[in-house]
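Enquirer: Encoded as structure tokens, here's the structure I'll be asking about.
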Amino acid sequence: MDLMLKGKTAVVTASSKGLGRAIAEQLAAEGANLLLCSRSERAIAEAAETIRAQYGVKVESMAVDVSNADDIAKLIQFATKRFDRVDALVCNAGGPPSGSFLSFDDAAWEKAFFGNMMSVVRLIRGFHPHLAAQGGRIVTIASTSVKTPIPGLVLSNTFRTGVVGLMKTLSMEFAQDGILLNTVCPGRIMTDRLVELDSLRAERENTTIEEVQQALRKDIPLGRYGQPSELATIAAYLLSPLNSYMTGSVFHVDGGAVKSL
């Protein structure tokens with residue numbers, strides 16, 4: 001299926017690895033040009049070079065901390081200089097640390113707020129004029145915790161849910177601009193972040209990561225962890241012109257793990 005993305009431009013944050021990298025590669029495979037960023041200048045430059053060589057599309061990159069307002073402003077300015085249009089935006093960021101409510105001080109809450117909530121606000125606000133000019137698409141990457149809170153992830157549970165509320169609101173406000181916004185929520189997708197969380201759980205329970213993952217797979221109807229490419233396929237469709245009538249929605253990519261309606 002041709003997603004009609006050839007020649008269009010997508011901005012993908014936190015895209016040196018994991019879900020952001022998988023989405024970037026899927027978009028490039030469809031012919032989209034890319035602006036990639038992550039906190040590591042070396043890692044994002046290497047990712048850009050690999051994708052550019054493999055897919056033959058224009059790929060630019062820069063080091064950006066999405067929790068920093070100045071960095072986001074520089075990203076938007078960079079996009080304006082290097083591309084004549086922006087058609088799609090992926091708001092992605094690393095998840096905040098695990099822990100209980102009483103284990104976090106104000107500084108931890110503020111860091112998670114700026115990294116996972118305000119980053120989305122600033123990215124969408126900054127790229128809005130460019131997306132409105134094209135009738136663009138926005139996808140934010142959240143978590144299945146927006147439907148079923150995950151024990152030990154109070155920071156993520158709180159701010160990911162806030163992002164869903166923001167996206168739903170903006171889907172109404174931006175409809176007149178032709179901008180469609182949706183949220184994609186990964187379940188247990190095999191990324192470095194998931195391995196880290198499973199490792200921490202194994203330490204807490206004095207067991208092995210293999211035993212933790214075996215137990216968790218039992219709660220997934222499909223009986224396995226997902227691959228980043230499986231989520232990337234859904235994100236690419238939502239970011240494409242073929243998505244013409246879905247906005248303000250939440251899509252779970254979780255193997256059926258979320259049991260609620």
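Just remember, in the structure tokens the first chain shown is A, the second B, etc., residues are 1-based per chain, and ligands are 1-based in the order shown.
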So that I can see what lies close to Thr183 (chain A), please list as a PyMOL selection string the residues with an atom at most 6 Å from it, counting only C-alpha atoms and leaving out residues fewer than 4 positions away in the same chain.

Expert: chain A and resi 139-141+250

Enquirer: Save out the residues we just selected, C-alpha atoms, as a PDB file, in the first residue's frame.

Expert:
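File produced: result-v3.pdb:
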ATOM      1  CA  VAL A 139       1.297  11.478  16.353  1.00  0.00           C
ATOM      2  CA  THR A 140       2.352  11.366  19.978  1.00  0.00           C
ATOM      3  CA  ILE A 141       3.832   8.244  21.508  1.00  0.00           C
ATOM      4  CA  VAL A 250      -5.887   6.538  20.941  1.00  0.00           C
TER       5      VAL A 250
END

Enquirer: Name the residues of region 103-147 of chain A that fall into strand (DSSP E or B) according to DSSP on the backbone, using the chain letters and numbers of this document, as a CSV table (one decimal) with N, CA and C atoms, in the first residue's frame.

Expert:
chain,number,residue,atom,x,y,z
A,137,ARG,N,-0.2,16.1,9.9
A,137,ARG,CA,-0.5,15.0,10.8
A,137,ARG,C,0.4,15.0,12.0
A,138,ILE,N,-0.1,14.7,13.2
A,138,ILE,CA,0.7,14.7,14.4
A,138,ILE,C,0.4,13.3,15.1
A,139,VAL,N,1.4,12.7,15.5
A,139,VAL,CA,1.3,11.5,16.4
A,139,VAL,C,2.2,11.7,17.6
A,140,THR,N,1.6,11.4,18.8
A,140,THR,CA,2.4,11.4,20.0
A,140,THR,C,2.5,9.9,20.4
A,141,ILE,N,3.6,9.6,21.0
A,141,ILE,CA,3.8,8.2,21.5
A,141,ILE,C,3.6,8.3,23.0

Enquirer: Give me the residues within 10 Å of Lys74 (chain A) as number ranges by chain, counting only C-alpha atoms and dropping any in the same chain fewer than 6 places off.

Expert: A: 62-64, 80

Enquirer: For Val184 (chain A), which of A:Pro129, A:Gly115, A:Gly248, A:Pro221 is the closest residue, counting only C-alpha atoms?

Expert: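 The shortest atom-to-atom distance to Val184 (chain A) comes from A:Gly248.
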
Enquirer: Counting only C-alpha atoms, which residues of region 80-190 of chain A fall within 10 Å of region 17-27 of chain A, and what is the closest atom pair for each with its distance in Å at one decimal, ordered by chain and rising number, as a tab-separated table?

Expert:
residue	atom	partner	partner_atom	distance
A:Val90	CA	A:Gly20	CA	8.0
A:Cys91	CA	A:Gly20	CA	8.9
A:Asn92	CA	A:Gly20	CA	6.6
A:Ala93	CA	A:Gly20	CA	8.4
A:Gly94	CA	A:Gly18	CA	9.6
A:Ile141	CA	A:Leu19	CA	8.5
A:Pro186	CA	A:Leu19	CA	9.0
A:Ile189	CA	A:Leu19	CA	8.6
A:Met190	CA	A:Gly18	CA	8.3

Enquirer: Could you write out the selected residues, including N, CA and C atoms, as a CSV table (one decimal), in the first residue's frame?

Expert:
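What follows is the written file result_35.csv:
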chain,number,residue,atom,x,y,z
A,90,VAL,N,6.2,13.7,14.8
A,90,VAL,CA,6.1,12.7,15.8
A,90,VAL,C,6.7,13.2,17.1
A,91,CYS,N,5.8,13.3,18.2
A,91,CYS,CA,6.3,13.7,19.5
A,91,CYS,C,6.6,12.5,20.3
A,92,ASN,N,7.9,12.2,20.5
A,92,ASN,CA,8.4,11.1,21.2
A,92,ASN,C,9.4,11.5,22.2
A,93,ALA,N,9.5,10.9,23.4
A,93,ALA,CA,10.5,11.2,24.4
A,93,ALA,C,10.7,10.0,25.3
A,94,GLY,N,11.9,9.9,25.8
A,94,GLY,CA,12.1,8.8,26.7
A,94,GLY,C,11.2,8.9,28.0
A,141,ILE,N,3.6,9.6,21.0
A,141,ILE,CA,3.8,8.2,21.5
A,141,ILE,C,3.6,8.3,23.0
A,186,PRO,N,2.2,2.2,22.9
A,186,PRO,CA,2.8,0.9,22.9
A,186,PRO,C,2.5,0.1,24.2
A,189,ILE,N,6.5,-3.5,23.9
A,189,ILE,CA,7.3,-3.5,22.7
A,189,ILE,C,8.8,-3.6,23.1
A,190,MET,N,9.5,-4.5,22.4
A,190,MET,CA,10.9,-4.8,22.8
A,190,MET,C,11.8,-3.7,22.4

Enquirer: Closest to Asp198 (chain A) among A:Ser229, A:Ser98, A:Ala32, A:Leu222, using only C-alpha atoms?

Expert: A:Ser98
